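Novice: Pasting in a structure now, in structure tokens, and then I'll have a few things to ask.
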Amino acid sequence: MVVEAPPTPAATVAPPRHRKIPPAVLLIGPSVVFMALLLGWPVVQGVLQAFKDDQGFTLEFVNRMVQDPYFWPAVRNTLLLIVVMIPLQFALAIAMALMLRSNPRLHKVHFFIWAIPLALSDLAAGLVWLAIFNDRGYLNSALSWFGLQGISWLAYDNQTSMFICVLIAELWRATSLVLIIVVAGLQGIPKDYDEAAQVFGATFWQRLRHVTLPLLKPSLQVALILRTILAFQTFAVAQALTGQNFPLVVGETYRWYTGLQNPNVAAALALVILVVSMVTSIFYLRALRDKNQGGLR
Amino acid sequence: MADIQISNLVKTYPGGSERATDDVSLSIRDGEFTVLLGPSGCGKTTLLRMIAGLELPDSGSISIGGRDVTYLPPNKRNLSMVFQSYAVFPHRKVRYNIGFGLRMAKVPADEIERKVQWAADLLQLGPYLDRLPANLSGGQRQRVAVARAIVMDADVLLMDEPLSNLDALLRLTFRSELKKIVQDLGTTTVYVTHDQSEALSLGDQVAVMRKGRIVQLGDPLDVYDAPADQFVGGFIGSPPMNFLDAAVSHDGGTLVLGEQQLMAPSILRSFAGKDVLLGVRAENVTVSNQRSSGDVAATVLVVEPMGSTVLLTVEVDGHNLKVQAPPTFKTAPRHTVWLGFAPNTMRVYDRETSMALEAK
């Protein structure tokens, strides 16, 4: 009878010698490769394109971008659009969502109609509004029907009216995204909180300020980040309505790439948008973090 | 503080065909603790929500302290309420939650602080004032909800099944605590529950509801001892009241249970020869192994020792009865025991309408 000592764990593992790949790496590996190829590589390419020519690293393209007469107006217009549009969109979306929550007659139909612009391509939306705002468009026709003189809303020398036209078209097109996020967020809040606030004497505005909006904060944060990043990328609507007359940063990127055939400056402009979007997102995440709830997140 | 007068309140929910409350009238005196008791769907919560102003009635009126509030919004009624889900604001600390109503009423900060401290001491929440509700247990959140309601000096305190989410032991301890707090405050209170033991232990008056109507309103002991109909008797008490088919003899002096006979309560003289339903509580039946005169024979089906008593399920004339015996009582299934009924504890009901019969 032969009694063998039980093999020690070291002895059984030792022979293969080379280390096994941990399963976690195997599991996330494909998506890391996928992300690197589809997202990481283009970003690296874009950065290189903006800062590198045949001789090596250069700031020439950045200089050309900054010195272009359209650059600063484009930056100014984009920021102005964001600063005016985002608060308006949120006010509208929250008001609309609260109206839907009070369950008016046909509220499902209202919600459906309000969500329609989401399904529309932004270029199509731009063309729809062009049909309204151009010199012989629906708006001027309506004005003349009332006996009023039509206005050249989209005239190149009238920055204010162009801005208002782009603003209205963008409000119409993009508020539905905020609406849908806010409606979903509201549905997730049990109605007991609002009822408790009512019973304890809170008025409508007190409930909105002290109960509804704070509880809605996570949804608002998501909507704000999404909407701001998308607003930096506003392009097709302004392009359809004003062409080059009301420059925006993404429009400039497009012009440098296709019109001026200079992908390097276009890449530098794209980087500006990337950096600004990232900075804003981080700012929102920090600013809207719940101070009371710090430990919970 | 104020009285509540509810008259002819009718409410049908949109899309529903049955009335959630069907012509309900109820009068609650100043400082009285009224319990609305009934199975789910009986309209008790709807009635409470109409008092709160969270639902509006189709017709009828509600007045609090002589003021008609039927169609006033909740924030104009000077109420406070404890919700079944507690509805403690999750984004605010306990301190803010308790002071919420006072803050909305723009009470000066130092007074809010003083009252919050008072309520927190009363409900043993002192150490938790600076916590968020997420970091509290269910029982503590419940205390926050009660504290928020009692700081208000409201005319009326409403409670919607406030104990139903607590575990059994906590429910029992908090029940007596709640009773003491409300007694000391002396606020008019309306309390909704489906738990009959809560209703009996807390209420000054109990309104038993069924299908949108109040079927019996009265002192808890009256409701327990003399249920107005078969439903109330079967709903209140643990075990519920026993019901047996019986017939009144032609002279009205005895009740006939199949082959056996019982002394009839005196009120039955006017129902001679009529078929009735006999109602009797488990603790009002004496159980014995020896026969004494007037006893009824029964066969034991199930023996359940409960610690303080032995609960027996027995059969008499094809009916199952639950009766209680002392814990030392010895018997076994299929044995015969003798049941003694005291005539004054028997309740008699009409077999068709199931309403209590009263002497004519």
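So you can find residues: chains in the structure tokens are A, B, ... in the order shown, residues in each start at 1, and ligands are numbered from 1 in order.
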For the structure I just gave you, how does DSSP split segment 25-251 of chain B - specifically, which residues are strand (DSSP E or B)? Reply as a ChimeraX atom specification.

Specialist: /B:25-28,33-37,59-64,67-68,79-82,156-160,188-193,205-210,213-218,229,242-248

Novice: Using only C-alpha atoms, find which residues of chain B lie within 7 Å of chain A and jot them down as a list of chain:residue names.

Specialist: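 Per the criterion, chain B yields B:Ala52, B:Pro74, B:Asn75, B:Lys76, B:Leu79, B:Ser80, B:Met81, B:Ala87, B:Phe89, B:His91, B:Gly101, B:Met104, B:Ala105.
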
Novice: If we count only C-alpha atoms and set the cut-off at 10 Å, which residues sit around Pro227 of chain B, ignoring sequence neighbours fewer than 3 positions away in its own chain? Please answer as a VMD selection string.

Specialist: chain B and resid 208 215 to 218 221 to 224 230 to 236 241 279 347 to 349 355 to 356

Novice: Would you please work out which residue, of B:His335, B:Leu268, B:Asp58, B:Gly31, is nearest to Gln183 of chain B when using only C-alpha atoms?

Specialist: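 That would be B:Gly31, the residue with the smallest distance to Gln183 of chain B.
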
Novice: A:Ile132, A:Leu39, A:Ala142, A:Ile189: which is nearest Leu154 of chain A, counting only C-alpha atoms?

Specialist: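 Looking at the shortest contact to Leu154 of chain A, the residue is A:Ile132.
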
Novice: When you look at segment 175-181 of chain B with a cut-off of 8 Å (counting only C-alpha atoms), what residues show up, excluding the ones that are within fewer than 5 positions of it in the same chain? I need them as a ChimeraX atom specification.

Specialist: /B:163,198,202

Novice: Would you put the residues from that selection into a file with N, CA and C atoms, as an mmCIF file, in the first residue's frame?

Specialist:
data_model
loop_
_atom_site.group_PDB
_atom_site.id
_atom_site.type_symbol
_atom_site.label_atom_id
_atom_site.label_comp_id
_atom_site.auth_asym_id
_atom_site.auth_seq_id
_atom_site.Cartn_x
_atom_site.Cartn_y
_atom_site.Cartn_z
ATOM 1 N N LEU B 163 -48.784 52.643 11.202
ATOM 2 C CA LEU B 163 -47.983 51.570 11.793
ATOM 3 C C LEU B 163 -47.827 50.366 10.873
ATOM 4 N N GLU B 198 -55.586 47.592 16.462
ATOM 5 C CA GLU B 198 -55.189 49.004 16.539
ATOM 6 C C GLU B 198 -56.415 49.887 16.788
ATOM 7 N N LEU B 202 -56.700 52.144 20.194
ATOM 8 C CA LEU B 202 -56.403 53.573 20.090
ATOM 9 C C LEU B 202 -57.639 54.470 20.174
#

Novice: Mind listing the alpha helix (DSSP H) residues of segment 20-238 of chain A, per DSSP on the backbone, as a PyMOL selection string?

Specialist: chain A and resi 23-35+41-51+60-67+71-101+107-115+122-133+138-145+159-187+191-199+204-207+213-232+236-238

Novice: Using only C-alpha atoms, determine which residues lie at most 9 Å from segment 117-126 of chain A, disregarding the query and same-chain residues fewer than 3 positions distant; provide the list as a ChimeraX atom specification.

Specialist: /A:113-114,129-131,166,169-170,172-177,235-241

Novice: Using C-alpha atoms, can you export the residues from the last selection as a PDB file, in the first residue's frame?

Specialist:
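Contents of the output file out_33.pdb:
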ATOM      1  CA  ILE A 113     -47.134  65.841 -29.870  1.00  0.00           C
ATOM      2  CA  TRP A 114     -44.552  67.565 -27.698  1.00  0.00           C
ATOM      3  CA  TRP A 129     -38.209  77.020 -39.977  1.00  0.00           C
ATOM      4  CA  LEU A 130     -36.597  78.463 -43.116  1.00  0.00           C
ATOM      5  CA  ALA A 131     -39.985  78.105 -44.777  1.00  0.00           C
ATOM      6  CA  VAL A 166     -32.082  80.356 -34.644  1.00  0.00           C
ATOM      7  CA  ALA A 169     -35.981  76.983 -34.120  1.00  0.00           C
ATOM      8  CA  GLU A 170     -33.591  75.346 -31.670  1.00  0.00           C
ATOM      9  CA  TRP A 172     -38.707  74.060 -30.834  1.00  0.00           C
ATOM     10  CA  ARG A 173     -36.405  71.269 -31.964  1.00  0.00           C
ATOM     11  CA  ALA A 174     -34.519  70.406 -28.801  1.00  0.00           C
ATOM     12  CA  THR A 175     -36.795  71.137 -25.825  1.00  0.00           C
ATOM     13  CA  SER A 176     -38.512  67.768 -26.246  1.00  0.00           C
ATOM     14  CA  LEU A 177     -35.333  65.970 -25.183  1.00  0.00           C
ATOM     15  CA  PHE A 235     -25.123  73.356 -36.547  1.00  0.00           C
ATOM     16  CA  ALA A 236     -27.675  72.218 -39.082  1.00  0.00           C
ATOM     17  CA  VAL A 237     -30.518  74.513 -37.992  1.00  0.00           C
ATOM     18  CA  ALA A 238     -28.307  77.613 -38.082  1.00  0.00           C
ATOM     19  CA  GLN A 239     -26.761  76.495 -41.356  1.00  0.00           C
ATOM     20  CA  ALA A 240     -30.148  76.045 -42.997  1.00  0.00           C
ATOM     21  CA  LEU A 241     -31.502  79.335 -41.695  1.00  0.00           C
TER      22      LEU A 241
END

Novice: Compare A:Leu224, A:Asn264, A:Val25, A:Thr234 by their minimum atom-to-atom distance to Phe283 of chain A, counting only C-alpha atoms, and give me the closest one.

Specialist: A:Leu224

Novice: Fewer than 3 positions away in the same chain doesn't count, so skip those; otherwise give me all residues within 12 Å of Asp53 of chain A, counting only C-alpha atoms, as a tab-separated table (two decimals) with C-alpha atoms, in the first residue's frame.

Specialist:
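Once written, part_9.tsv looks like this:
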chain	number	residue	atom	x	y	z
A	47	VAL	CA	-5.22	65.95	-31.65
A	48	LEU	CA	-2.29	65.06	-33.88
A	49	GLN	CA	-3.93	66.62	-36.88
A	50	ALA	CA	-4.46	69.88	-35.04
A	56	GLY	CA	6.57	68.15	-36.63
A	57	PHE	CA	4.58	69.85	-33.86
A	58	THR	CA	3.31	73.32	-34.63
A	59	LEU	CA	0.84	75.91	-33.36
A	60	GLU	CA	0.31	77.25	-36.86
A	61	PHE	CA	-3.21	75.78	-37.23
A	62	VAL	CA	-4.33	77.06	-33.86
A	262	ASN	CA	-8.11	72.49	-44.36
A	263	PRO	CA	-8.65	69.48	-42.07
A	264	ASN	CA	-5.96	70.66	-39.64
A	265	VAL	CA	-7.71	73.88	-38.64

Novice: Segment 2-7 of chain B: which residues within 6 Å, counting only C-alpha atoms, same-chain residues fewer than 3 positions away excluded, as a PyMOL selection string?

Specialist: chain B and resi 25-30+60-65+155

Novice: Go ahead and dump the residues you just picked, C-alpha atoms, as a CSV table (one decimal), in the first residue's frame.

Specialist:
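So out-v4.csv came out as:
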chain,number,residue,atom,x,y,z
B,25,SER,CA,-71.8,61.3,7.4
B,26,LEU,CA,-69.7,61.4,10.5
B,27,SER,CA,-69.3,63.7,13.4
B,28,ILE,CA,-66.1,64.0,15.3
B,29,ARG,CA,-66.0,66.0,18.5
B,30,ASP,CA,-63.1,68.4,19.4
B,60,GLY,CA,-71.6,66.5,0.4
B,61,SER,CA,-69.6,68.7,2.7
B,62,ILE,CA,-66.8,68.7,5.3
B,63,SER,CA,-66.4,71.4,7.9
B,64,ILE,CA,-63.6,71.7,10.4
B,65,GLY,CA,-64.2,73.9,13.4
B,155,ASP,CA,-56.6,71.7,14.0

Novice: Identify which of the residues A:Ile151, A:Val33, A:Val75, A:Leu26 lies closest to Arg136 of chain A, counting only C-alpha atoms when measuring atom-to-atom distances.

Specialist: A:Ile151

Novice: Measuring atom to atom with only C-alpha atoms, identify which of B:Ala134, B:Ala246, B:Met346, B:Val285 is nearest to Gly318 of chain B.

Specialist: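 Selected residue with least distance to Gly318 of chain B: B:Ala246.
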
Novice: Would you please work out which residue, of A:Gln221, A:Asn140, A:Gln187, A:Gln261, is nearest to Leu98 of chain A when using only C-alpha atoms?

Specialist: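 Among the listed residues, the smallest separation from Leu98 of chain A belongs to A:Gln187.
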